[in-house]
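S.K.: Got a structure for you, questions after.
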Number of protein chains: 2
Amino acid sequence: MNTGIQLRSRGLVSEIVERLKLDIEAGVLKPGDKLPTEAAIMGNFSVSRTVVREALSRLQASHLVVTRHGIGTFVNEPLVKSNFTINSEDFSTLKDVISVLELRISLETEAAGLAAKRRKPENLSAMKQALQTFKDSISLDSDNVASDFDFHIEVAHATDNRHFADLMGYLGTMIIPRGRITSSFNTVAEKVAYLHKVHAEHESIYQAILNHDSETARAAMRTHLTNSRDRLNANASEFAPATLP
Amino acid sequence: MNTGIQLRSRGLVSEIVERLKLDIEAGVLKPGDKLPTEAAIMGNFSVSRTVVREALSRLQASHLVVTRHGIGTFVNEPLVKSNFTINSEDFSTLKDVISVLELRISLETEAAGLAAKRRKPENLSAMKQALQTFKDSISLDSDNVASDFDFHIEVAHATDNRHFADLMGYLGTMIIPRGRITSSFNTVAEKVAYLHKVHAEHESIYQAILNHDSETARAAMRTHLTNSRDRLNANASEFAPATLP
DNA sequence: ACCCATTTGTCCGTATGTATA
DNA sequence: ATATACATACGGACAAATGGG
């Protein structure tokens, strides 16, 4: 019999995880402090050992605590990350995906603008190549996500600033494996039409870069990615993770 | 009663985790494949449900598998754990510093635009605070680089998109330790005048964000950072790499 | 060196709820 | 609507590590 009050979160485990997490973040439990024993937590929350152990197990997975056999569980030092990382768990909700897309909008509009100023012949041919591969992939119904991203990568390369290409490359490893977001089409014709639209948008970005027209390139890229975002939002219904606002 | 032979690993859970891990790495179980049901694993290894679930739980934690309620557990794509990094050697030449500055221009103009749309009262007060600290640092001749960057970080926070703040934070760790670029002034008066100009630029960014004026905020941020870049270029002759405070 | 209490680690069996096909 | 398979939770038992007396 559990007299505990259910928090918003589903499940006793999540509840305990959240409370402990709060205590740690609020500083009630500081790094090095010992958490209550499993038995004590069992008592405090009126739950079974299984629940407590599962909760501690999750806190361990997120490196918030360490457990020493026979001694107890202790709060870890908050680990500082010395690099920019987006972890995969932060990719589960629509909001997460849009967050990354916003970052891309930021990066890529500027990249397109710089590319228009600095593109060299080899950049243009690489972009042209990616464009062609994408176009072919439409009729062949082969993988279009990769060649889509290739085009964007080539634009980043054309900035002549390695950081743009590096960051885009990193974001690509996050985005490509998923990518089955665009697979929510009612009909094949609908999908083909969409891909042609994407191709047309790529073409206008390419043209602006070709013409050394920085402002137009910027605008075209922004339009392209904003359209992606809108499409994501439109398909929000079919994208149902466990979120409740 | 468990007739299973103990592998060298201690515990049934570790044993099962290791065997499944081997199967996945050896390609016996390929990405997308369905693992045996929990009941089947119980039978295969002659263990209880608890053990099986604990094992699967660990495999999930290391992102090797994903389990879908009511369906089964499936092997995940091997996720490549890369990340975005700028190494310190890439900070030696003027071109390198400008490359990073270009990345900041890209990030921060968009961040300012988003901040103008989404800023909350607490963002405004945090920005105001940073502004004040920077202003004070001018007359006190104390560290102005930190509070300068603080302001930019607060703008990133106000986007309500953690990736902007994260990336800026990372760039900050790259930039702050160096940063003695502003030390190439002929006179103190010249330096003070420059810092006042920076402060004024910050103020106009703040005003635009306060007024929910996205476009102006963008423009103001771009002007601010472009000025920094121009200043860098102007001082190119005096630029000495790897200088310390 | 030894024992012992404490605390975590491992394992089992069972019951009930929920998502999917 | 039923069967399957996973999700969650409980309680009990014993093993293993640690630290104090």
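Lettering and numbering for the structure tokens are positional, with chains as A, B, ... in the shown order, residues counted from 1 in each chain, and ligands counted from 1 in the shown order.
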Residues at most 10 Å from Ile41 of chain B, counting only C-alpha atoms (C1' of nucleotides), excluding those fewer than 4 positions away in the same chain, as a PDB file with C-alpha atoms, in the first residue's frame?

M.R.:
ATOM      1  CA  ILE B  16      24.091 -11.510 -19.810  1.00  0.00           C
ATOM      2  CA  LEU B  35      16.354  -9.301 -29.205  1.00  0.00           C
ATOM      3  CA  PRO B  36      14.715 -12.403 -27.754  1.00  0.00           C
ATOM      4  CA  THR B  37      11.808 -11.606 -25.490  1.00  0.00           C
ATOM      5  CA  PHE B  45      20.145 -18.240 -19.319  1.00  0.00           C
ATOM      6  CA  SER B  46      17.997 -19.782 -16.597  1.00  0.00           C
ATOM      7  CA  VAL B  47      17.604 -16.547 -14.708  1.00  0.00           C
ATOM      8  CA  SER B  48      14.749 -14.570 -13.290  1.00  0.00           C
ATOM      9  CA  ARG B  49      12.973 -11.656 -14.815  1.00  0.00           C
ATOM     10  CA  VAL B  51      18.122 -10.183 -13.881  1.00  0.00           C
ATOM     11  CA  VAL B  52      17.014  -9.916 -17.480  1.00  0.00           C
ATOM     12  CA  ARG B  53      15.439  -6.515 -16.934  1.00  0.00           C
TER      13      ARG B  53
END

S.K.: In segment 24-239 of chain A, what's strand (DSSP E) per DSSP? Answer as a count of residues only?

M.R.: 8

S.K.: Wanna dump the chain B-chain A contacts at 8 Å for me, each residue with its shortest atom pair and the distance in Å to one decimal, counting only C-alpha atoms, ordered by chain and number, as a tab-separated table?

M.R.:
residue	atom	partner	partner_atom	distance
B:Ala61	CA	A:Ala61	CA	6.6
B:Glu77	CA	A:Pro177	CA	7.6
B:Val80	CA	A:Thr173	CA	7.3
B:Ser82	CA	A:Tyr170	CA	6.9
B:Asn83	CA	A:Thr85	CA	5.6
B:Phe84	CA	A:Phe84	CA	5.4
B:Thr85	CA	A:Asn83	CA	5.7
B:Ile86	CA	A:His163	CA	7.7
B:Ser99	CA	A:Asn161	CA	5.9
B:Val100	CA	A:His163	CA	7.2
B:Leu103	CA	A:Phe164	CA	7.0
B:Ser106	CA	A:Glu110	CA	5.4
B:Leu107	CA	A:Ser106	CA	5.6
B:Thr109	CA	A:Ser106	CA	7.8
B:Glu110	CA	A:Ser106	CA	5.4
B:Ala111	CA	A:Ser106	CA	7.8
B:Asn161	CA	A:Ser99	CA	5.9
B:Arg162	CA	A:Ser99	CA	7.8
B:His163	CA	A:Leu103	CA	7.1
B:Phe164	CA	A:Leu103	CA	7.0
B:Asp166	CA	A:Phe84	CA	6.8
B:Leu167	CA	A:Phe84	CA	5.9
B:Tyr170	CA	A:Phe84	CA	6.1
B:Thr173	CA	A:Ser82	CA	7.9

S.K.: Taking C-alpha atoms for each residue, export the selection above as a compact mmCIF listing (two decimals), in the first residue's frame.

M.R.:
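So again_10.txt came out as:
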# COMPACT_ATOMS: atom_id res chain seq x y z
CA ALA B 61 21.81 3.13 -20.58
CA GLU B 77 22.48 2.05 -34.66
CA VAL B 80 29.34 7.71 -33.18
CA SER B 82 31.94 12.77 -31.76
CA ASN B 83 31.80 16.30 -30.56
CA PHE B 84 32.58 19.79 -31.62
CA THR B 85 35.94 21.05 -30.51
CA ILE B 86 38.24 23.91 -31.30
CA SER B 99 37.34 32.53 -37.70
CA VAL B 100 35.95 32.07 -34.23
CA LEU B 103 31.21 31.89 -35.72
CA SER B 106 26.66 33.86 -36.79
CA LEU B 107 25.48 32.61 -33.42
CA THR B 109 23.09 37.84 -34.20
CA GLU B 110 20.50 35.10 -34.28
CA ALA B 111 20.61 34.78 -30.51
CA ASN B 161 17.41 27.45 -26.35
CA ARG B 162 20.09 25.76 -24.33
CA HIS B 163 22.29 25.08 -27.33
CA PHE B 164 23.03 28.76 -27.83
CA ASP B 166 26.05 25.95 -24.29
CA LEU B 167 27.98 26.83 -27.40
CA TYR B 170 32.20 26.70 -24.70
CA THR B 173 36.29 29.00 -22.25

S.K.: Just need the residues of chain A within 9 Å of chain C, counting only C-alpha atoms (C1' of nucleotides), so spit them out as number ranges by chain.

M.R.: A: 37-39, 67-73

S.K.: Kindly export the residues of the current selection with N, CA and C atoms, as a CSV table (one decimal), in the first residue's frame.

M.R.:
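Written file, part_28.csv:
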chain,number,residue,atom,x,y,z
A,37,THR,N,20.5,5.9,3.2
A,37,THR,CA,20.6,4.5,2.8
A,37,THR,C,19.4,4.1,2.0
A,38,GLU,N,19.6,3.0,1.2
A,38,GLU,CA,18.4,2.6,0.5
A,38,GLU,C,17.2,2.3,1.4
A,39,ALA,N,17.5,1.7,2.5
A,39,ALA,CA,16.5,1.4,3.5
A,39,ALA,C,15.8,2.7,3.9
A,67,THR,N,28.0,5.1,-6.3
A,67,THR,CA,27.7,4.2,-5.2
A,67,THR,C,28.9,3.4,-4.9
A,68,ARG,N,29.2,3.3,-3.6
A,68,ARG,CA,30.3,2.4,-3.2
A,68,ARG,C,29.7,1.3,-2.4
A,69,HIS,N,30.0,0.1,-2.8
A,69,HIS,CA,29.5,-1.1,-2.2
A,69,HIS,C,29.7,-1.1,-0.7
A,70,GLY,N,28.7,-1.4,0.0
A,70,GLY,CA,28.8,-1.5,1.4
A,70,GLY,C,28.9,-0.2,2.2
A,71,ILE,N,29.0,0.9,1.5
A,71,ILE,CA,29.2,2.2,2.1
A,71,ILE,C,27.9,3.1,1.9
A,72,GLY,N,27.6,3.3,0.7
A,72,GLY,CA,26.5,4.2,0.4
A,72,GLY,C,26.6,4.9,-0.9
A,73,THR,N,25.7,5.8,-1.1
A,73,THR,CA,25.7,6.5,-2.4
A,73,THR,C,26.0,8.0,-2.1

S.K.: Taking only C-alpha atoms (C1' of nucleotides) into account, which residues of chain D are within 8 Å of chain A, as a VMD selection string?

M.R.: chain D and resid 8 to 11 17 to 18

S.K.: Take the residues that were just selected and, keeping N, CA and C atoms (P, O5', C5', C4', C3', O3' and C1' of nucleotides), output them as a PDB file, in the first residue's frame.

M.R.:
ATOM      1  P    DT D   8       8.171   1.772 -16.488  1.00  0.00           P
ATOM      2  O5'  DT D   8       7.474   1.124 -15.226  1.00  0.00           O
ATOM      3  C5'  DT D   8       6.100   1.406 -14.995  1.00  0.00           C
ATOM      4  C4'  DT D   8       5.664   0.765 -13.710  1.00  0.00           C
ATOM      5  C3'  DT D   8       6.582   1.057 -12.510  1.00  0.00           C
ATOM      6  O3'  DT D   8       5.780   1.684 -11.521  1.00  0.00           O
ATOM      7  C1'  DT D   8       6.005  -1.241 -12.623  1.00  0.00           C
ATOM      8  P    DA D   9       6.491   2.376 -10.249  1.00  0.00           P
ATOM      9  O5'  DA D   9       6.294   1.270  -9.130  1.00  0.00           O
ATOM     10  C5'  DA D   9       4.989   0.794  -8.858  1.00  0.00           C
ATOM     11  C4'  DA D   9       5.076  -0.471  -8.042  1.00  0.00           C
ATOM     12  C3'  DA D   9       6.108  -0.444  -6.913  1.00  0.00           C
ATOM     13  O3'  DA D   9       5.413  -0.252  -5.679  1.00  0.00           O
ATOM     14  C1'  DA D   9       5.968  -2.562  -8.022  1.00  0.00           C
ATOM     15  P    DC D  10       6.207  -0.141  -4.356  1.00  0.00           P
ATOM     16  O5'  DC D  10       6.108  -1.630  -3.819  1.00  0.00           O
ATOM     17  C5'  DC D  10       4.826  -2.241  -3.691  1.00  0.00           C
ATOM     18  C4'  DC D  10       4.981  -3.690  -3.304  1.00  0.00           C
ATOM     19  C3'  DC D  10       5.945  -3.914  -2.145  1.00  0.00           C
ATOM     20  O3'  DC D  10       5.238  -4.279  -0.973  1.00  0.00           O
ATOM     21  C1'  DC D  10       6.277  -5.492  -3.929  1.00  0.00           C
ATOM     22  P    DG D  11       5.981  -4.182   0.403  1.00  0.00           P
ATOM     23  O5'  DG D  11       6.570  -5.652   0.577  1.00  0.00           O
ATOM     24  C5'  DG D  11       5.758  -6.776   0.301  1.00  0.00           C
ATOM     25  C4'  DG D  11       6.605  -8.023   0.400  1.00  0.00           C
ATOM     26  C3'  DG D  11       7.660  -7.961   1.521  1.00  0.00           C
ATOM     27  O3'  DG D  11       7.603  -9.148   2.298  1.00  0.00           O
ATOM     28  C1'  DG D  11       8.682  -8.512  -0.550  1.00  0.00           C
ATOM     29  P    DA D  17      33.488  -8.906  -2.509  1.00  0.00           P
ATOM     30  O5'  DA D  17      33.478  -7.476  -1.809  1.00  0.00           O
ATOM     31  C5'  DA D  17      32.824  -6.399  -2.475  1.00  0.00           C
ATOM     32  C4'  DA D  17      32.650  -5.252  -1.503  1.00  0.00           C
ATOM     33  C3'  DA D  17      33.947  -4.835  -0.789  1.00  0.00           C
ATOM     34  O3'  DA D  17      34.110  -3.451  -0.968  1.00  0.00           O
ATOM     35  C1'  DA D  17      32.186  -5.176   0.772  1.00  0.00           C
ATOM     36  P    DT D  18      35.509  -2.755  -0.649  1.00  0.00           P
ATOM     37  O5'  DT D  18      35.182  -2.024   0.721  1.00  0.00           O
ATOM     38  C5'  DT D  18      33.984  -1.235   0.802  1.00  0.00           C
ATOM     39  C4'  DT D  18      33.656  -0.975   2.250  1.00  0.00           C
ATOM     40  C3'  DT D  18      34.850  -0.570   3.120  1.00  0.00           C
ATOM     41  O3'  DT D  18      34.712   0.792   3.428  1.00  0.00           O
ATOM     42  C1'  DT D  18      33.330  -2.031   4.249  1.00  0.00           C
TER      43       DT D  18
END

S.K.: What's the separation between atom CA of Leu124 of chain B and atom CA of Val155 of chain B, in Å to one decimal place?

M.R.: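 These atoms are spaced 8.8 Å apart.
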
S.K.: I need the residues in segment 79-226 of chain A that are helix (DSSP H, G or I) according to DSSP; give them as an NGL selection string.

M.R.: :A and (88-91 or 94-118 or 121-140 or 145-157 or 162-175 or 188-210 or 214-226)

S.K.: Write to file, as an mmCIF file, in the first residue's frame, the residues of the selection just made, with C-alpha atoms.

M.R.:
data_model
loop_
_atom_site.group_PDB
_atom_site.id
_atom_site.type_symbol
_atom_site.label_atom_id
_atom_site.label_comp_id
_atom_site.auth_asym_id
_atom_site.auth_seq_id
_atom_site.Cartn_x
_atom_site.Cartn_y
_atom_site.Cartn_z
ATOM 1 C CA SER A 88 21.154 12.008 -27.843
ATOM 2 C CA GLU A 89 18.570 11.934 -25.098
ATOM 3 C CA ASP A 90 17.980 15.584 -25.845
ATOM 4 C CA PHE A 91 16.573 14.584 -29.158
ATOM 5 C CA LEU A 94 9.767 17.969 -30.950
ATOM 6 C CA LYS A 95 11.032 20.908 -28.926
ATOM 7 C CA ASP A 96 14.492 19.350 -28.838
ATOM 8 C CA VAL A 97 14.614 18.872 -32.561
ATOM 9 C CA ILE A 98 13.486 22.435 -33.154
ATOM 10 C CA SER A 99 16.140 23.721 -30.761
ATOM 11 C CA VAL A 100 18.816 22.185 -32.914
ATOM 12 C CA LEU A 101 17.142 23.447 -36.039
ATOM 13 C CA GLU A 102 17.276 26.956 -34.616
ATOM 14 C CA LEU A 103 20.965 26.539 -34.112
ATOM 15 C CA ARG A 104 21.262 25.451 -37.709
ATOM 16 C CA ILE A 105 19.300 28.472 -38.895
ATOM 17 C CA SER A 106 21.723 30.647 -37.008
ATOM 18 C CA LEU A 107 24.779 28.924 -38.423
ATOM 19 C CA GLU A 108 23.673 28.323 -41.939
ATOM 20 C CA THR A 109 22.202 31.684 -42.834
ATOM 21 C CA GLU A 110 25.524 33.241 -41.981
ATOM 22 C CA ALA A 111 27.376 30.429 -43.718
ATOM 23 C CA ALA A 112 25.396 31.021 -46.887
ATOM 24 C CA GLY A 113 26.229 34.721 -46.712
ATOM 25 C CA LEU A 114 29.929 34.063 -46.274
ATOM 26 C CA ALA A 115 29.896 31.366 -48.937
ATOM 27 C CA ALA A 116 28.487 33.829 -51.443
ATOM 28 C CA LYS A 117 31.483 36.046 -50.817
ATOM 29 C CA ARG A 118 34.206 33.432 -50.720
ATOM 30 C CA PRO A 121 35.191 27.050 -58.236
ATOM 31 C CA GLU A 122 35.725 23.756 -56.452
ATOM 32 C CA ASN A 123 33.089 24.679 -53.880
ATOM 33 C CA LEU A 124 30.623 25.382 -56.626
ATOM 34 C CA SER A 125 31.249 22.069 -58.336
ATOM 35 C CA ALA A 126 30.963 20.170 -55.057
ATOM 36 C CA MET A 127 27.657 21.883 -54.345
ATOM 37 C CA LYS A 128 26.490 21.203 -57.874
ATOM 38 C CA GLN A 129 27.393 17.558 -57.398
ATOM 39 C CA ALA A 130 25.417 17.265 -54.156
ATOM 40 C CA LEU A 131 22.491 18.973 -55.819
ATOM 41 C CA GLN A 132 22.531 16.462 -58.660
ATOM 42 C CA THR A 133 22.783 13.485 -56.329
ATOM 43 C CA PHE A 134 19.840 14.744 -54.353
ATOM 44 C CA LYS A 135 17.807 15.255 -57.491
ATOM 45 C CA ASP A 136 18.600 11.740 -58.678
ATOM 46 C CA SER A 137 17.676 10.297 -55.320
ATOM 47 C CA ILE A 138 14.158 11.616 -55.698
ATOM 48 C CA SER A 139 13.268 9.498 -58.706
ATOM 49 C CA LEU A 140 15.294 6.547 -57.483
ATOM 50 C CA VAL A 145 18.824 12.658 -46.321
ATOM 51 C CA ALA A 146 22.537 12.153 -46.880
ATOM 52 C CA SER A 147 22.782 14.117 -50.128
ATOM 53 C CA ASP A 148 20.528 16.792 -48.669
ATOM 54 C CA PHE A 149 22.952 17.236 -45.834
ATOM 55 C CA ASP A 150 25.888 17.029 -48.221
ATOM 56 C CA PHE A 151 24.734 20.180 -49.898
ATOM 57 C CA HIS A 152 24.558 21.992 -46.592
ATOM 58 C CA ILE A 153 28.013 20.750 -45.674
ATOM 59 C CA GLU A 154 29.395 22.037 -48.943
ATOM 60 C CA VAL A 155 27.946 25.459 -48.269
ATOM 61 C CA ALA A 156 29.659 25.388 -44.909
ATOM 62 C CA HIS A 157 32.916 24.427 -46.564
ATOM 63 C CA ARG A 162 36.596 25.408 -40.777
ATOM 64 C CA HIS A 163 34.460 25.963 -37.715
ATOM 65 C CA PHE A 164 31.292 26.210 -39.752
ATOM 66 C CA ALA A 165 32.015 22.954 -41.512
ATOM 67 C CA ASP A 166 33.090 21.272 -38.284
ATOM 68 C CA LEU A 167 29.998 22.267 -36.392
ATOM 69 C CA MET A 168 27.713 21.334 -39.254
ATOM 70 C CA GLY A 169 29.486 18.007 -39.514
ATOM 71 C CA TYR A 170 28.877 17.398 -35.847
ATOM 72 C CA LEU A 171 25.225 18.362 -36.076
ATOM 73 C CA GLY A 172 24.972 16.029 -39.045
ATOM 74 C CA THR A 173 25.995 13.029 -36.978
ATOM 75 C CA MET A 174 23.178 13.948 -34.635
ATOM 76 C CA ILE A 175 20.570 14.428 -37.304
ATOM 77 C CA VAL A 188 4.287 8.987 -52.450
ATOM 78 C CA ALA A 189 3.298 11.874 -54.706
ATOM 79 C CA GLU A 190 3.178 14.115 -51.675
ATOM 80 C CA LYS A 191 6.670 13.073 -50.688
ATOM 81 C CA VAL A 192 8.031 13.590 -54.206
ATOM 82 C CA ALA A 193 6.469 17.020 -54.372
ATOM 83 C CA TYR A 194 8.067 17.932 -51.081
ATOM 84 C CA LEU A 195 11.482 16.748 -52.201
ATOM 85 C CA HIS A 196 11.210 18.755 -55.402
ATOM 86 C CA LYS A 197 10.400 21.795 -53.341
ATOM 87 C CA VAL A 198 13.464 21.195 -51.219
ATOM 88 C CA HIS A 199 15.528 20.823 -54.363
ATOM 89 C CA ALA A 200 14.212 24.101 -55.717
ATOM 90 C CA GLU A 201 15.132 25.837 -52.479
ATOM 91 C CA HIS A 202 18.625 24.384 -52.677
ATOM 92 C CA GLU A 203 18.889 25.631 -56.241
ATOM 93 C CA SER A 204 18.049 29.185 -55.299
ATOM 94 C CA ILE A 205 20.621 29.102 -52.515
ATOM 95 C CA TYR A 206 23.142 27.813 -54.999
ATOM 96 C CA GLN A 207 22.293 30.523 -57.527
ATOM 97 C CA ALA A 208 22.729 33.282 -54.975
ATOM 98 C CA ILE A 209 26.103 31.886 -53.946
ATOM 99 C CA LEU A 210 27.082 31.550 -57.583
ATOM 100 C CA SER A 214 25.389 37.465 -50.059
ATOM 101 C CA GLU A 215 22.090 38.906 -48.895
ATOM 102 C CA THR A 216 19.991 36.761 -51.204
ATOM 103 C CA ALA A 217 21.923 33.658 -50.166
ATOM 104 C CA ARG A 218 21.207 34.447 -46.535
ATOM 105 C CA ALA A 219 17.536 34.985 -47.174
ATOM 106 C CA ALA A 220 17.227 31.839 -49.274
ATOM 107 C CA MET A 221 18.869 29.704 -46.624
ATOM 108 C CA ARG A 222 16.693 31.175 -43.915
ATOM 109 C CA THR A 223 13.590 30.496 -45.940
ATOM 110 C CA HIS A 224 14.705 26.944 -46.603
ATOM 111 C CA LEU A 225 15.309 26.099 -42.970
ATOM 112 C CA THR A 226 12.291 27.981 -41.720
#

S.K.: Hey, can you check how far atom CA of His63 of chain B sits from atom CA of Glu15 of chain A?

M.R.: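 Separating atom CA of His63 of chain B from atom CA of Glu15 of chain A is a distance of 22.9 Å.
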